[in-house]
file protein_13.txt (compact mmCIF, C-alpha atoms (C1' of nucleotides))
# COMPACT_ATOMS: atom_id res chain seq x y z
CA MET Q 1 -4.77 33.96 0.13
CA SER Q 2 -1.30 34.13 -1.46
CA THR Q 3 0.44 37.38 -2.42
CA LEU Q 4 0.04 36.39 -6.06
CA GLY Q 5 -3.73 36.42 -5.53
CA TYR Q 6 -3.58 39.99 -4.27
CA ALA Q 7 -1.28 40.95 -7.13
CA LEU Q 8 -3.88 39.66 -9.62
CA LEU Q 9 -6.69 41.48 -7.80
CA SER Q 10 -4.59 44.67 -7.96
CA LEU Q 11 -4.22 44.30 -11.70
CA LEU Q 12 -7.95 43.66 -12.08
CA THR Q 13 -8.74 46.98 -10.33
CA ARG Q 14 -7.42 48.51 -13.60
CA GLY Q 15 -10.16 46.69 -15.53
CA PRO Q 16 -11.27 43.17 -16.55
CA ALA Q 17 -8.74 40.94 -18.27
CA THR Q 18 -8.02 37.41 -19.47
CA GLY Q 19 -5.29 35.28 -17.92
CA TYR Q 20 -3.20 35.95 -20.98
CA GLU Q 21 -3.59 39.71 -20.61
CA LEU Q 22 -2.79 39.53 -16.88
CA THR Q 23 0.41 37.69 -17.77
CA ARG Q 24 1.37 40.67 -19.96
CA ARG Q 25 0.18 43.30 -17.45
CA MET Q 26 2.47 41.57 -14.95
CA LYS Q 27 5.28 43.02 -17.04
CA ARG Q 28 4.75 46.74 -17.41
CA PRO Q 29 4.94 48.33 -14.93
CA ILE Q 30 4.05 45.87 -12.18
CA GLY Q 31 6.53 43.26 -13.42
CA HIS Q 32 9.38 45.53 -12.39
CA PHE Q 33 8.33 44.73 -8.79
CA TRP Q 34 6.44 41.45 -8.94
CA VAL Q 35 6.84 38.65 -11.46
CA ALA Q 36 4.69 35.63 -12.29
CA ASN Q 37 4.27 33.48 -15.35
CA HIS Q 38 1.11 32.09 -16.92
CA SER Q 39 1.48 28.63 -15.36
CA GLN Q 40 1.15 30.29 -11.96
CA ILE Q 41 -1.55 32.75 -12.99
CA TYR Q 42 -4.09 30.32 -14.50
CA PRO Q 43 -4.46 28.10 -11.39
CA GLU Q 44 -4.54 31.18 -9.13
CA LEU Q 45 -7.40 32.68 -11.17
CA ALA Q 46 -9.33 29.44 -10.69
CA ARG Q 47 -8.80 29.75 -6.91
CA LEU Q 48 -9.90 33.42 -6.92
CA THR Q 49 -13.03 32.43 -8.84
CA GLU Q 50 -13.85 29.68 -6.36
CA ALA Q 51 -13.37 32.17 -3.48
CA GLY Q 52 -15.75 34.63 -5.17
CA HIS Q 53 -13.13 37.37 -5.51
CA VAL Q 54 -13.43 37.42 -9.31
CA GLU Q 55 -16.15 36.64 -11.84
CA VAL Q 56 -15.62 34.91 -15.18
CA HIS Q 57 -17.21 35.59 -18.54
CA GLU Q 58 -16.58 32.88 -21.13
CA GLU Q 59 -16.43 33.36 -24.88
CA ALA Q 60 -15.27 31.30 -27.84
CA GLY Q 61 -11.47 31.57 -27.90
CA PRO Q 62 -8.92 31.46 -30.72
CA GLY Q 63 -7.52 28.12 -29.58
CA PRO Q 64 -9.19 24.86 -28.55
CA ARG Q 65 -10.45 26.29 -25.19
CA ALA Q 66 -12.85 29.08 -24.26
CA LYS Q 67 -11.48 32.58 -23.67
CA LYS Q 68 -12.18 33.65 -20.08
CA THR Q 69 -12.43 37.29 -19.04
CA TYR Q 70 -12.10 37.98 -15.30
CA THR Q 71 -13.67 40.87 -13.39
CA ILE Q 72 -12.98 41.76 -9.75
CA THR Q 73 -16.04 41.46 -7.45
CA GLY Q 74 -17.04 43.44 -4.35
CA SER Q 75 -15.66 40.61 -2.24
CA GLY Q 76 -12.36 40.86 -4.15
CA ARG Q 77 -12.19 44.63 -3.60
CA ARG Q 78 -12.89 44.19 0.10
CA ALA Q 79 -10.21 41.49 0.48
CA LEU Q 80 -7.69 43.75 -1.29
CA ALA Q 81 -8.64 46.82 0.80
CA GLU Q 82 -8.08 44.82 4.01
CA TRP Q 83 -4.77 43.36 2.90
CA LEU Q 84 -3.22 46.63 1.70
CA PRO Q 85 -2.82 48.52 5.03
CA GLN Q 86 -1.20 45.54 6.77
CA PRO Q 87 2.58 45.69 7.23
CA PRO Q 88 4.21 44.29 4.09
CA ALA Q 89 6.17 41.06 4.43
CA PHE Q 90 9.82 41.36 3.50
CA THR Q 91 11.98 38.34 2.78
CA PRO Q 92 15.52 39.53 2.15
CA ARG Q 93 17.05 37.64 -0.74
CA SER Q 94 19.40 39.80 -2.77
CA GLU Q 95 21.98 38.08 -4.92
CA VAL Q 96 23.77 41.41 -5.44
CA ALA Q 97 24.27 41.83 -1.68
CA LEU Q 98 25.25 38.18 -1.26
CA LYS Q 99 27.95 38.53 -3.90
CA ALA Q 100 29.18 41.71 -2.23
CA TYR Q 101 29.44 39.83 1.06
CA ALA Q 102 31.65 37.22 -0.64
CA VAL Q 103 33.55 39.72 -2.81
CA GLY Q 104 36.90 38.86 -1.21
CA ALA Q 105 36.71 35.30 -2.54
CA ALA Q 106 37.00 36.39 -6.19
CA ASP Q 107 39.44 38.33 -8.36
CA PRO Q 108 39.01 42.06 -7.56
CA ALA Q 109 39.53 43.19 -11.18
CA ARG Q 110 36.78 40.88 -12.40
CA MET Q 111 34.48 41.97 -9.58
CA ALA Q 112 35.12 45.61 -10.50
CA VAL Q 113 33.86 44.85 -14.02
CA LEU Q 114 30.76 43.21 -12.52
CA TYR Q 115 29.87 46.21 -10.39
CA GLU Q 116 30.52 48.63 -13.26
CA GLU Q 117 27.96 46.61 -15.22
CA VAL Q 118 25.55 46.55 -12.27
CA ALA Q 119 25.85 50.35 -11.98
CA ALA Q 120 25.21 50.86 -15.70
CA ASP Q 121 22.25 48.44 -15.77
CA ALA Q 122 20.68 50.12 -12.74
CA LEU Q 123 20.95 53.55 -14.38
CA ALA Q 124 19.42 52.16 -17.58
CA LYS Q 125 16.51 50.71 -15.59
CA ALA Q 126 16.03 54.01 -13.77
CA ALA Q 127 15.86 55.74 -17.16
CA VAL Q 128 13.18 53.30 -18.37
CA PHE Q 129 11.14 53.94 -15.22
CA GLU Q 130 11.61 57.68 -15.67
CA ARG Q 131 10.18 57.49 -19.17
CA GLU Q 132 7.18 55.50 -17.94
CA LEU Q 133 6.74 57.99 -15.10
CA GLY Q 134 6.47 60.85 -17.59
CA GLU Q 135 3.13 59.55 -18.84
CA LEU Q 136 1.62 59.51 -15.33
CA GLU Q 137 0.28 62.01 -12.83
CA ASP Q 138 1.65 62.85 -9.35
CA ASP Q 139 -1.88 62.99 -7.92
CA PRO Q 140 -3.38 60.53 -5.41
CA GLY Q 141 -6.81 61.23 -6.90
CA HIS Q 142 -5.76 59.94 -10.32
CA PRO Q 143 -6.56 56.24 -11.05
CA ASN Q 144 -2.95 55.62 -12.12
CA PHE Q 145 -1.32 57.13 -9.03
CA GLY Q 146 -0.37 53.61 -7.90
CA ASN Q 147 1.71 53.15 -11.04
CA TYR Q 148 3.33 56.51 -10.36
CA ALA Q 149 4.16 55.66 -6.72
CA ALA Q 150 5.57 52.22 -7.60
CA LEU Q 151 7.72 53.66 -10.39
CA ARG Q 152 9.13 56.31 -8.06
CA LEU Q 153 10.24 53.55 -5.69
CA GLY Q 154 11.85 51.78 -8.62
CA ILE Q 155 13.74 54.91 -9.67
CA GLU Q 156 14.90 55.55 -6.09
CA SER Q 157 16.07 51.93 -5.69
CA GLN Q 158 17.90 51.73 -8.99
CA ARG Q 159 19.67 55.05 -8.45
CA GLY Q 160 20.76 53.95 -4.97
CA LEU Q 161 21.97 50.63 -6.34
CA SER Q 162 23.89 52.36 -9.11
CA ALA Q 163 25.61 54.76 -6.70
CA TRP Q 164 26.58 51.88 -4.41
CA ALA Q 165 27.84 49.69 -7.27
CA SER Q 166 29.94 52.59 -8.62
CA TRP Q 167 31.49 53.12 -5.21
CA LEU Q 168 32.32 49.42 -4.87
CA ALA Q 169 33.67 49.18 -8.42
CA SER Q 170 36.05 52.12 -7.84
CA ARG Q 171 37.29 50.64 -4.54
CA LEU Q 172 37.97 47.30 -6.25
CA ARG Q 173 39.61 48.94 -9.30
CA LYS Q 174 41.98 50.87 -7.08
CA TYR Q 175 42.79 47.79 -4.99
CA ALA Q 176 43.32 45.66 -8.11
CA GLY Q 177 45.63 48.32 -9.56
CA GLU Q 178 47.74 48.45 -6.40
CA HIS Q 179 48.03 44.69 -6.06
CA ASP Q 180 48.21 43.23 -9.60
CA GLY Q 181 51.23 41.16 -10.38
CA ALA Q 182 52.48 41.56 -6.83
CA ASP Q 183 50.50 38.69 -5.27
CA MET A 1 24.28 24.55 -7.61
CA SER A 2 21.61 26.61 -5.92
CA THR A 3 22.17 30.14 -4.63
CA LEU A 4 21.81 28.82 -1.09
CA GLY A 5 24.81 26.57 -1.75
CA TYR A 6 26.91 29.60 -2.72
CA ALA A 7 25.59 31.50 0.31
CA LEU A 8 26.82 28.69 2.58
CA LEU A 9 30.19 28.58 0.81
CA SER A 10 30.46 32.36 1.31
CA LEU A 11 29.87 31.95 5.03
CA LEU A 12 32.42 29.15 5.19
CA THR A 13 35.11 31.45 3.69
CA ARG A 14 34.92 33.17 7.12
CA GLY A 15 35.92 29.92 8.81
CA PRO A 16 34.66 26.35 9.50
CA ALA A 17 31.25 25.98 11.11
CA THR A 18 28.53 23.50 12.04
CA GLY A 19 25.08 23.60 10.41
CA TYR A 20 23.78 25.15 13.61
CA GLU A 21 26.36 27.91 13.53
CA LEU A 22 25.71 28.58 9.83
CA THR A 23 22.04 28.99 10.68
CA ARG A 24 23.03 31.72 13.13
CA ARG A 25 25.60 33.31 10.81
CA MET A 26 22.81 33.57 8.25
CA LYS A 27 21.42 36.28 10.49
CA ARG A 28 24.09 38.91 11.10
CA PRO A 29 24.95 40.52 8.79
CA ILE A 30 24.23 38.22 5.84
CA GLY A 31 20.67 37.53 7.02
CA HIS A 32 19.78 41.12 6.27
CA PHE A 33 20.23 40.17 2.60
CA TRP A 34 19.77 36.43 2.42
CA VAL A 35 17.70 34.24 4.74
CA ALA A 36 17.53 30.47 5.21
CA ASN A 37 16.47 28.25 8.07
CA HIS A 38 18.12 25.11 9.37
CA SER A 39 15.74 22.73 7.56
CA GLN A 40 17.08 24.13 4.30
CA ILE A 41 20.69 24.35 5.43
CA TYR A 42 21.22 20.76 6.63
CA PRO A 43 20.22 19.05 3.35
CA GLU A 44 22.20 21.65 1.36
CA LEU A 45 25.34 20.90 3.42
CA ALA A 46 24.89 17.23 2.58
CA ARG A 47 24.76 18.14 -1.14
CA LEU A 48 27.86 20.35 -0.84
CA THR A 49 29.68 17.50 0.87
CA GLU A 50 28.72 15.06 -1.88
CA ALA A 51 29.89 17.56 -4.50
CA GLY A 52 33.24 17.90 -2.71
CA HIS A 53 32.83 21.64 -2.05
CA VAL A 54 33.01 21.15 1.72
CA GLU A 55 34.66 18.66 4.09
CA VAL A 56 33.13 17.31 7.27
CA HIS A 57 34.74 16.60 10.60
CA GLU A 58 32.54 14.58 12.97
CA GLU A 59 32.63 14.74 16.77
CA ALA A 60 30.40 13.52 19.55
CA GLY A 61 27.55 16.04 19.79
CA PRO A 62 25.39 17.26 22.64
CA GLY A 63 22.26 15.57 21.29
CA PRO A 64 21.63 12.07 19.93
CA ARG A 65 23.58 12.75 16.72
CA ALA A 66 27.18 13.58 15.90
CA LYS A 67 28.26 17.22 15.69
CA LYS A 68 29.53 17.99 12.18
CA THR A 69 31.95 20.79 11.44
CA TYR A 70 32.19 21.87 7.79
CA THR A 71 35.22 23.38 6.07
CA ILE A 72 35.29 24.81 2.54
CA THR A 73 37.59 22.92 0.14
CA GLY A 74 39.65 24.13 -2.82
CA SER A 75 36.88 22.93 -5.10
CA GLY A 76 34.38 24.97 -3.07
CA ARG A 77 36.55 28.09 -3.30
CA ARG A 78 36.91 27.63 -7.05
CA ALA A 79 33.16 27.17 -7.55
CA LEU A 80 32.51 30.33 -5.51
CA ALA A 81 35.18 32.34 -7.37
CA GLU A 82 33.60 31.39 -10.71
CA TRP A 83 30.05 32.16 -9.62
CA LEU A 84 30.79 35.58 -8.09
CA PRO A 85 31.74 37.58 -11.24
CA GLN A 86 28.67 36.38 -13.17
CA PRO A 87 25.77 38.84 -13.50
CA PRO A 88 23.56 38.44 -10.43
CA ALA A 89 20.04 37.10 -10.97
CA PHE A 90 17.32 39.47 -9.91
CA THR A 91 13.75 38.26 -9.35
CA PRO A 92 11.65 41.29 -8.52
CA ARG A 93 9.20 40.49 -5.76
CA SER A 94 8.59 43.49 -3.52
CA GLU A 95 5.41 43.51 -1.48
CA VAL A 96 6.00 47.18 -0.61
CA ALA A 97 5.99 48.13 -4.32
CA LEU A 98 3.01 45.88 -5.02
CA LYS A 99 0.98 47.58 -2.30
CA ALA A 100 2.00 50.98 -3.65
CA TYR A 101 0.76 49.93 -7.09
CA ALA A 102 -2.66 49.09 -5.58
CA VAL A 103 -2.71 52.03 -3.14
CA GLY A 104 -5.83 53.53 -4.71
CA ALA A 105 -7.90 50.50 -3.69
CA ALA A 106 -7.55 51.21 0.05
CA ASP A 107 -8.38 54.05 2.45
CA PRO A 108 -5.72 56.79 1.95
CA ALA A 109 -5.56 57.72 5.66
CA ARG A 110 -4.81 54.10 6.61
CA MET A 111 -2.25 53.80 3.83
CA ALA A 112 -0.58 56.98 5.05
CA VAL A 113 -0.14 55.31 8.47
CA LEU A 114 1.36 52.27 6.76
CA TYR A 115 3.95 54.27 4.84
CA GLU A 116 4.83 56.33 7.91
CA GLU A 117 5.59 53.03 9.64
CA VAL A 118 7.54 51.76 6.63
CA ALA A 119 9.61 54.95 6.66
CA ALA A 120 10.33 54.66 10.40
CA ASP A 121 11.21 50.95 10.19
CA ALA A 122 13.56 51.59 7.27
CA LEU A 123 15.38 54.32 9.19
CA ALA A 124 15.67 52.04 12.22
CA LYS A 125 17.15 49.29 10.04
CA ALA A 126 19.59 51.76 8.49
CA ALA A 127 20.68 52.75 12.01
CA VAL A 128 21.30 49.09 12.94
CA PHE A 129 23.39 48.61 9.79
CA GLU A 130 25.27 51.81 10.56
CA ARG A 131 26.19 50.52 14.01
CA GLU A 132 27.41 47.21 12.52
CA LEU A 133 29.36 49.15 9.89
CA GLY A 134 31.22 51.06 12.60
CA GLU A 135 33.06 47.90 13.62
CA LEU A 136 34.34 47.22 10.09
CA GLU A 137 36.99 48.60 7.78
CA ASP A 138 36.52 50.36 4.42
CA ASP A 139 39.43 48.47 2.90
CA PRO A 140 39.22 45.81 0.15
CA GLY A 141 42.31 44.16 1.62
CA HIS A 142 40.60 43.47 4.93
CA PRO A 143 38.96 40.00 5.31
CA ASN A 144 35.71 41.62 6.44
CA PHE A 145 35.41 44.06 3.53
CA GLY A 146 32.54 41.97 2.13
CA ASN A 147 30.52 42.62 5.28
CA TYR A 148 31.31 46.31 4.93
CA ALA A 149 30.23 46.44 1.28
CA ALA A 150 27.00 44.51 1.91
CA LEU A 151 26.09 46.73 4.86
CA ARG A 152 26.64 49.86 2.81
CA LEU A 153 24.16 48.56 0.24
CA GLY A 154 21.72 47.89 3.07
CA ILE A 155 22.08 51.42 4.42
CA GLU A 156 21.67 52.93 0.95
CA SER A 157 18.54 50.82 0.27
CA GLN A 158 16.87 51.49 3.60
CA ARG A 159 17.48 55.23 3.37
CA GLY A 160 16.05 55.31 -0.14
CA LEU A 161 13.04 53.29 0.97
CA SER A 162 12.50 55.61 3.92
CA ALA A 163 12.64 58.74 1.77
CA TRP A 164 10.20 57.26 -0.71
CA ALA A 165 7.78 56.05 1.99
CA SER A 166 7.84 59.51 3.64
CA TRP A 167 7.03 61.15 0.33
CA LEU A 168 4.13 58.74 -0.30
CA ALA A 169 2.81 59.10 3.26
CA SER A 170 2.72 62.90 3.00
CA ARG A 171 0.96 62.76 -0.39
CA LEU A 172 -1.67 60.40 1.04
CA ARG A 173 -2.08 62.44 4.24
CA LYS A 174 -2.72 65.59 2.27
CA TYR A 175 -5.16 63.83 -0.04
CA ALA A 176 -6.99 62.21 2.91
CA GLY A 177 -7.25 65.61 4.64
CA GLU A 178 -8.75 67.24 1.56
CA HIS A 179 -11.24 64.47 0.92
CA ASP A 180 -12.38 63.10 4.31
CA GLY A 181 -16.10 63.24 5.02
CA ALA A 182 -16.67 64.56 1.50
CA ASP A 183 -16.79 61.20 -0.28
C1' DA M 1 5.81 29.53 -45.77
C1' DT M 2 7.14 30.89 -41.19
C1' DT M 3 6.88 33.47 -37.13
C1' DT M 4 4.43 36.06 -33.78
C1' DT M 5 0.39 36.89 -31.14
C1' DC M 6 -3.61 35.34 -28.78
C1' DA M 7 -5.27 31.97 -25.58
C1' DT M 8 -5.52 28.11 -22.08
C1' DG M 9 -4.14 24.56 -19.65
C1' DT M 10 -1.06 20.38 -17.11
C1' DA M 11 3.18 17.93 -15.26
C1' DA M 12 7.54 17.61 -13.30
C1' DT M 13 10.77 19.67 -10.67
C1' DC M 14 12.91 22.80 -7.55
C1' DT M 15 12.91 25.94 -3.65
C1' DG M 16 11.26 27.51 0.65
C1' DT M 17 8.29 27.41 5.03
C1' DT M 18 6.23 25.35 8.93
C1' DA M 19 5.85 21.70 11.89
C1' DC M 20 7.43 17.46 14.02
C1' DA M 21 11.10 14.96 16.60
C1' DT M 22 15.16 14.02 19.87
C1' DG M 23 18.26 14.99 23.64
C1' DA M 24 22.44 16.90 26.40
C1' DT M 25 24.23 20.95 28.77
C1' DT M 26 24.10 25.42 30.79
C1' DA M 27 21.95 29.45 32.75
C1' DC M 28 18.38 31.42 35.73
C1' DG G 1 12.70 22.95 38.13
C1' DT G 2 12.21 25.58 33.81
C1' DA G 3 13.97 27.87 29.97
C1' DA G 4 17.47 28.78 26.70
C1' DT G 5 21.24 27.15 24.00
C1' DC G 6 23.56 23.71 21.29
C1' DA G 7 22.93 20.32 17.81
C1' DT G 8 20.86 17.48 13.90
C1' DG G 9 17.62 15.73 11.30
C1' DT G 10 12.67 14.55 8.53
C1' DA G 11 7.90 15.38 6.66
C1' DA G 12 4.23 17.94 4.84
C1' DC G 13 2.97 21.67 2.44
C1' DA G 14 3.19 25.94 -0.32
C1' DG G 15 5.11 28.64 -3.92
C1' DA G 16 7.70 29.17 -8.22
C1' DT G 17 10.13 27.54 -12.54
C1' DT G 18 10.62 24.97 -16.65
C1' DA G 19 8.82 22.10 -19.90
C1' DC G 20 5.10 19.90 -22.40
C1' DA G 21 0.81 20.40 -25.12
C1' DT G 22 -2.83 22.43 -28.38
C1' DG G 23 -4.51 25.44 -32.03
C1' DA G 24 -6.57 29.66 -34.55
C1' DA G 25 -5.58 34.21 -36.61
C1' DA G 26 -2.60 37.75 -38.09
C1' DA G 27 1.60 39.56 -39.51
C1' DT G 28 6.03 39.14 -42.03

call {"tool": "encode", "arguments": {"input": "protein_13.txt", "output": "structure tokens"}}
result
Amino acid sequence: MSTLGYALLSLLTRGPATGYELTRRMKRPIGHFWVANHSQIYPELARLTEAGHVEVHEEAGPGPRAKKTYTITGSGRRALAEWLPQPPAFTPRSEVALKAYAVGAADPARMAVLYEEVAADALAKAAVFERELGELEDDPGHPNFGNYAALRLGIESQRGLSAWASWLASRLRKYAGEHDGAD
Amino acid sequence: MSTLGYALLSLLTRGPATGYELTRRMKRPIGHFWVANHSQIYPELARLTEAGHVEVHEEAGPGPRAKKTYTITGSGRRALAEWLPQPPAFTPRSEVALKAYAVGAADPARMAVLYEEVAADALAKAAVFERELGELEDDPGHPNFGNYAALRLGIESQRGLSAWASWLASRLRKYAGEHDGAD
DNA sequence: ATTTTCATGTAATCTGTTACATGATTAC
DNA sequence: GTAATCATGTAACAGATTACATGAAAAT
């Protein structure tokens, strides 16, 4: 099964939902860490249904097609519980880091502006996460502890990114100041 | 142009290379932040050549085909210099965070083991980056400053990840201790 | 009246992974 | 002699993005 399948099962542990609702749930807070759009979600839900990991309840919908509400099954819960403790796959693909690697190929003053923006954006994101965190409990027994744990990772990451971007921006600013007009 | 194209141009700012060599250069240190395999790289080099961003020099190769050495052109440098200061795209897709979000659906003792491993792996990675950093200069004027900057981001990220994973592991350990046998 | 929300799907395209395929040279 | 390294490609498949397509109900 694909990671998206597990992501949908994870969302369905919070309660039954339609494909439309899952598309929205993919945004807050899980969308900060995993994104998918409806054109990916609908076919994946069909696959999960065929595999017996979810069950569908159909009703008359607002549009031309039936509204389908999905519920996670025992088989779905078991599949999720087996996948979770396995070492997470990590495919490094960070455009921020890639641009840093190539930073010498661009104008340092312009790159300083970029990293000042990156630092500010990261702090703003951290603040958003912080606000969301305030509504949750730091208790592994609470059903929303997963949201809490994921948000804490987000805050940690964004703060680290902001600190790094500030450092790089100041280095580039200083260098640009020392070398402008002279080259 | 795709991000992979810019990644290859970035590598070529460090000097001419064959597709084979670029495949290896994609590993240390850039591969910590951006990965690609040769089956992606060869067609992309053909596209870059057609676009005029790189130039090819052909020689007799060890195998049945000619060995091709690629050099970045002025057009390639310009394309790279224009791309770099633009806000980096960020597609959140973190399996670690996704698993944290669903942590309540698995056995807490097993998940504690997972996050202890994640914490240890992250520290090990940070140590590798640290060693690579030792050979580089903290000076924007130095041609390898990009490597330095990227590695510092890697160290920052891995340390943050490790701290977070340790926190989560201890929370889960404590919870598992309080609740084992009782459920 | 127009826009947003709810609701579901398909098609085309792009990107990325895994596997297949060839063959010389060098190291063990 | 066997394995690793150097070197380049293609094909099949999987995963993700953008665009196309429909239509009711509610809000502005």

call {"tool": "closest_atom_pairs", "arguments": {"input": "protein_13.txt", "of": "chain Q", "to": "chain G", "cutoff": "10 Å", "atoms": "all atoms listed in the file", "output": "tab-separated table"}}
result
residue	atom	partner	partner_atom	distance
Q:Ser2	CA	G:DG15	C1'	8.8
Q:Leu4	CA	G:DG15	C1'	9.5
Q:Ala36	CA	G:DA16	C1'	8.2
Q:Asn37	CA	G:DT17	C1'	8.8
Q:Ser39	CA	G:DT17	C1'	9.2
Q:Gln40	CA	G:DA16	C1'	7.6
Q:Gly61	CA	G:DA24	C1'	8.5
Q:Pro62	CA	G:DA24	C1'	4.8
Q:Gly63	CA	G:DG23	C1'	4.7
Q:Pro64	CA	G:DG23	C1'	5.9
Q:Arg65	CA	G:DG23	C1'	9.1

call {"tool": "residues_around", "arguments": {"input": "protein_13.txt", "residues": "Q:Leu22", "least_positions_apart": "6", "cutoff": "12 Å", "atoms": "all atoms listed in the file", "output": "VMD selection string"}}
result
(chain Q and resid 4 to 5 7 to 16 28 to 31 35 to 42 44 to 45 68 to 71) or (chain M and resid 7)

call {"tool": "closest_residue", "arguments": {"input": "protein_13.txt", "among": "A:Glu135, A:Gly154, A:Ala17, A:Glu178", "to": "A:Val56", "atoms": "all atoms listed in the file"}}
result
A:Ala17

call {"tool": "interface_residues", "arguments": {"input": "protein_13.txt", "of": "chain M", "to": "chain Q", "cutoff": "12 Å", "atoms": "all atoms listed in the file", "output": "compact mmCIF listing (two decimals) with C-alpha atoms (C1' of nucleotides), keeping the file's coordinate frame"}}
result
# COMPACT_ATOMS: atom_id res chain seq x y z
C1' DT M 5 0.39 36.89 -31.14
C1' DC M 6 -3.61 35.34 -28.78
C1' DA M 7 -5.27 31.97 -25.58
C1' DT M 8 -5.52 28.11 -22.08
C1' DG M 9 -4.14 24.56 -19.65
C1' DT M 10 -1.06 20.38 -17.11
C1' DA M 11 3.18 17.93 -15.26
C1' DG M 16 11.26 27.51 0.65
C1' DT M 17 8.29 27.41 5.03

call {"tool": "atom_distance", "arguments": {"input": "protein_13.txt", "atom1": "atom CA of A:Gly134", "atom2": "atom CA of A:Ser94"}}
result
28.8 Å

call {"tool": "closest_residue", "arguments": {"input": "protein_13.txt", "among": "Q:Ala165, Q:Ala122, Q:Met111, Q:Ile155", "to": "chain A", "atoms": "only C-alpha atoms"}}
result
Q:Met111

call {"tool": "atom_distance", "arguments": {"input": "protein_13.txt", "atom1": "atom CA of A:Ala102", "atom2": "atom CA of A:Trp34"}}
result
27.0 Å

call {"tool": "atom_distance", "arguments": {"input": "protein_13.txt", "atom1": "atom CA of A:Arg78", "atom2": "atom CA of Q:Arg93"}}
result
23.1 Å

call {"tool": "residues_around", "arguments": {"input": "protein_13.txt", "residues": "A:Ser170", "least_positions_apart": "6", "cutoff": "12 Å", "atoms": "all atoms listed in the file", "output": "ChimeraX atom specification"}}
result
/Q:139-140 /A:108-109,111-116,119,163-164,176-177

call {"tool": "closest_residue", "arguments": {"input": "protein_13.txt", "among": "A:His179, A:Arg131, A:Arg110, A:Arg173", "to": "chain Q", "atoms": "all atoms listed in the file"}}
result
A:Arg110

call {"tool": "closest_residue", "arguments": {"input": "protein_13.txt", "among": "Q:Val54, Q:Ala126, Q:Ile72, Q:Ala81", "to": "chain A", "atoms": "only C-alpha atoms"}}
result
Q:Ala81

call {"tool": "closest_residue", "arguments": {"input": "protein_13.txt", "among": "A:Ala149, A:Val128, A:Met1, A:Ala120", "to": "chain Q", "atoms": "only C-alpha atoms"}}
result
A:Ala149

call {"tool": "axis_aligned_box", "arguments": {"input": "protein_13.txt", "around": "stretch 104-113 of chain Q", "padding_each_side": "4 Å", "output": "JSON"}}
result
{"center_x": 36.7, "center_y": 40.5, "center_z": -7.6, "size_x": 13.7, "size_y": 18.3, "size_z": 20.8}
